Amino acid sequence: MDFRIVLVASGALLLSVGCSKEDKASGGAVGATTGAATAAAGGGDDPKAYYKMKCVVCHGEAGGGDGPGGSALTPKPRNFTEAAWQDSVKDDELKKAIVEGGAAVGKSAAMPGNPDLRGKDALADGLVKLIRGMKK
């Protein structure tokens, strides 16, 4: 019985956090924030604001993988503070995971992509730099 509750809660969380399913009518992803909406919500071209708006829920404020939405996920969200992981991943792989999702780099599909970042290299590069700065 408890397993079913966890399974249903995890599924609901994944759906609410974000899906990468294409919405052909609008040309974007269902549930994805458009560039204009990102700017209106305070994300704009600021990597810190974008991280807070889209990433904190799973990865946590300090990047420890301890965000409130990540507690029900398996595998757990990446802990960006781990030096060994930071040293093992290249910037282009990290950027691809951010923009296209975890499955695009052979990681968990629970990490949704952010298609609103396509063509916004400065913002995506800023997120990579922000994540690199979390290394302990």
# chains A, B, ... in the order shown; residues from 1 in each chain; ligands from 1

$ select_by_dssp --residues "stretch 29-133 of chain A" --states "alpha helix (DSSP H)" --output "number ranges by chain"
A: 35-40, 47-54, 56-59, 83-88, 91-100, 121-132

$ write_last_selection --atoms "N, CA and C atoms" --output "compact mmCIF listing (two decimals), in the first residue's frame"
# COMPACT_ATOMS: atom_id res chain seq x y z
N GLY A 35 10.19 32.43 -23.21
CA GLY A 35 11.16 33.47 -22.91
C GLY A 35 10.50 34.71 -22.34
N ALA A 36 9.36 35.13 -22.91
CA ALA A 36 8.67 36.32 -22.41
C ALA A 36 8.14 36.09 -21.00
N ALA A 37 7.58 34.90 -20.76
CA ALA A 37 7.07 34.60 -19.43
C ALA A 37 8.21 34.50 -18.42
N THR A 38 9.35 33.98 -18.85
CA THR A 38 10.51 33.91 -17.97
C THR A 38 10.93 35.31 -17.56
N ALA A 39 11.00 36.21 -18.53
CA ALA A 39 11.38 37.59 -18.23
C ALA A 39 10.37 38.24 -17.31
N ALA A 40 9.07 38.01 -17.57
CA ALA A 40 8.03 38.60 -16.74
C ALA A 40 8.07 38.06 -15.33
N PRO A 47 20.92 34.21 -14.87
CA PRO A 47 21.02 32.79 -14.51
C PRO A 47 20.54 32.50 -13.09
N LYS A 48 20.84 33.39 -12.15
CA LYS A 48 20.41 33.15 -10.76
C LYS A 48 18.89 33.14 -10.64
N ALA A 49 18.24 34.09 -11.30
CA ALA A 49 16.78 34.15 -11.26
C ALA A 49 16.17 32.94 -11.96
N TYR A 50 16.76 32.53 -13.07
CA TYR A 50 16.27 31.37 -13.81
C TYR A 50 16.43 30.12 -12.95
N TYR A 51 17.59 29.96 -12.32
CA TYR A 51 17.84 28.80 -11.46
C TYR A 51 16.80 28.76 -10.34
N LYS A 52 16.56 29.90 -9.73
CA LYS A 52 15.60 29.96 -8.62
C LYS A 52 14.20 29.59 -9.10
N MET A 53 13.85 30.05 -10.29
CA MET A 53 12.52 29.81 -10.82
C MET A 53 12.32 28.36 -11.29
N LYS A 54 13.33 27.75 -11.89
CA LYS A 54 13.14 26.45 -12.53
C LYS A 54 13.88 25.28 -11.88
N VAL A 56 15.53 25.22 -8.43
CA VAL A 56 15.57 25.10 -6.97
C VAL A 56 14.63 24.02 -6.45
N VAL A 57 13.47 23.86 -7.08
CA VAL A 57 12.47 22.92 -6.58
C VAL A 57 13.06 21.51 -6.42
N CYS A 58 13.95 21.10 -7.28
CA CYS A 58 14.57 19.77 -7.16
C CYS A 58 16.00 19.83 -6.64
N HIS A 59 16.79 20.78 -7.15
CA HIS A 59 18.22 20.82 -6.82
C HIS A 59 18.53 21.60 -5.55
N ALA A 83 32.42 17.66 -5.48
CA ALA A 83 33.62 17.94 -6.27
C ALA A 83 33.91 16.83 -7.28
N ALA A 84 33.72 15.57 -6.89
CA ALA A 84 34.01 14.45 -7.79
C ALA A 84 33.11 14.52 -9.03
N TRP A 85 31.84 14.82 -8.83
CA TRP A 85 30.94 14.94 -9.98
C TRP A 85 31.33 16.14 -10.84
N GLN A 86 31.59 17.28 -10.19
CA GLN A 86 31.96 18.49 -10.92
C GLN A 86 33.18 18.23 -11.82
N ASP A 87 34.13 17.47 -11.28
CA ASP A 87 35.35 17.18 -12.04
C ASP A 87 35.12 16.17 -13.17
N SER A 88 34.03 15.42 -13.09
CA SER A 88 33.80 14.35 -14.06
C SER A 88 32.94 14.77 -15.26
N ASP A 91 31.51 20.98 -19.46
CA ASP A 91 30.54 22.06 -19.57
C ASP A 91 29.50 21.80 -20.65
N ASP A 92 29.93 21.28 -21.81
CA ASP A 92 28.97 21.06 -22.90
C ASP A 92 27.96 19.98 -22.55
N GLU A 93 28.37 18.96 -21.78
CA GLU A 93 27.44 17.92 -21.34
C GLU A 93 26.44 18.50 -20.35
N LEU A 94 26.91 19.31 -19.44
CA LEU A 94 26.05 19.95 -18.45
C LEU A 94 25.03 20.86 -19.14
N LYS A 95 25.50 21.64 -20.09
CA LYS A 95 24.61 22.55 -20.83
C LYS A 95 23.55 21.75 -21.60
N LYS A 96 23.96 20.65 -22.20
CA LYS A 96 23.01 19.82 -22.95
C LYS A 96 21.95 19.24 -22.01
N ALA A 97 22.36 18.80 -20.82
CA ALA A 97 21.40 18.28 -19.85
C ALA A 97 20.41 19.36 -19.42
N ILE A 98 20.89 20.57 -19.24
CA ILE A 98 20.03 21.68 -18.83
C ILE A 98 19.00 21.98 -19.93
N VAL A 99 19.45 22.08 -21.16
CA VAL A 99 18.57 22.48 -22.26
C VAL A 99 17.69 21.33 -22.74
N GLU A 100 18.27 20.12 -22.88
CA GLU A 100 17.55 19.01 -23.49
C GLU A 100 17.03 17.98 -22.49
N ASP A 121 22.21 31.02 -25.61
CA ASP A 121 23.48 30.47 -25.15
C ASP A 121 24.05 31.21 -23.95
N ALA A 122 23.90 32.52 -23.91
CA ALA A 122 24.45 33.29 -22.79
C ALA A 122 23.79 32.88 -21.48
N LEU A 123 22.48 32.68 -21.49
CA LEU A 123 21.77 32.27 -20.28
C LEU A 123 22.13 30.84 -19.90
N ALA A 124 22.16 29.94 -20.88
CA ALA A 124 22.53 28.54 -20.60
C ALA A 124 23.97 28.45 -20.09
N ASP A 125 24.88 29.22 -20.70
CA ASP A 125 26.27 29.24 -20.23
C ASP A 125 26.35 29.82 -18.82
N GLY A 126 25.51 30.82 -18.54
CA GLY A 126 25.47 31.40 -17.20
C GLY A 126 25.00 30.39 -16.16
N LEU A 127 24.06 29.53 -16.53
CA LEU A 127 23.61 28.48 -15.61
C LEU A 127 24.72 27.47 -15.35
N VAL A 128 25.47 27.13 -16.39
CA VAL A 128 26.61 26.22 -16.22
C VAL A 128 27.61 26.85 -15.25
N LYS A 129 27.91 28.13 -15.45
CA LYS A 129 28.86 28.83 -14.57
C LYS A 129 28.34 28.88 -13.13
N LEU A 130 27.04 29.13 -12.98
CA LEU A 130 26.43 29.16 -11.65
C LEU A 130 26.58 27.81 -10.96
N ILE A 131 26.30 26.74 -11.69
CA ILE A 131 26.42 25.38 -11.14
C ILE A 131 27.87 25.08 -10.80
N ARG A 132 28.80 25.48 -11.64
CA ARG A 132 30.22 25.28 -11.36
C ARG A 132 30.63 25.98 -10.07

$ atom_distance --atom1 "atom CA of A:Thr81" --atom2 "atom CA of A:Gly133"
8.4 Å

$ atom_distance --atom1 "atom CA of A:Lys135" --atom2 "atom CA of A:Ser71"
21.1 Å

$ residues_around --residues "A:Gly101" --least-positions-apart "6" --cutoff "7 Å" --atoms "only C-alpha atoms" --output "VMD selection string"
chain A and resid 109 111 to 113

$ write_last_selection --atoms "C-alpha atoms" --output "PDB file, in the first residue's frame"
ATOM      1  CA  ALA A 109      14.594  11.237 -17.758  1.00  0.00           C
ATOM      2  CA  MET A 111      15.374  15.729 -15.274  1.00  0.00           C
ATOM      3  CA  PRO A 112      13.206  17.712 -17.702  1.00  0.00           C
ATOM      4  CA  GLY A 113      14.712  19.774 -20.456  1.00  0.00           C
TER       5      GLY A 113
END
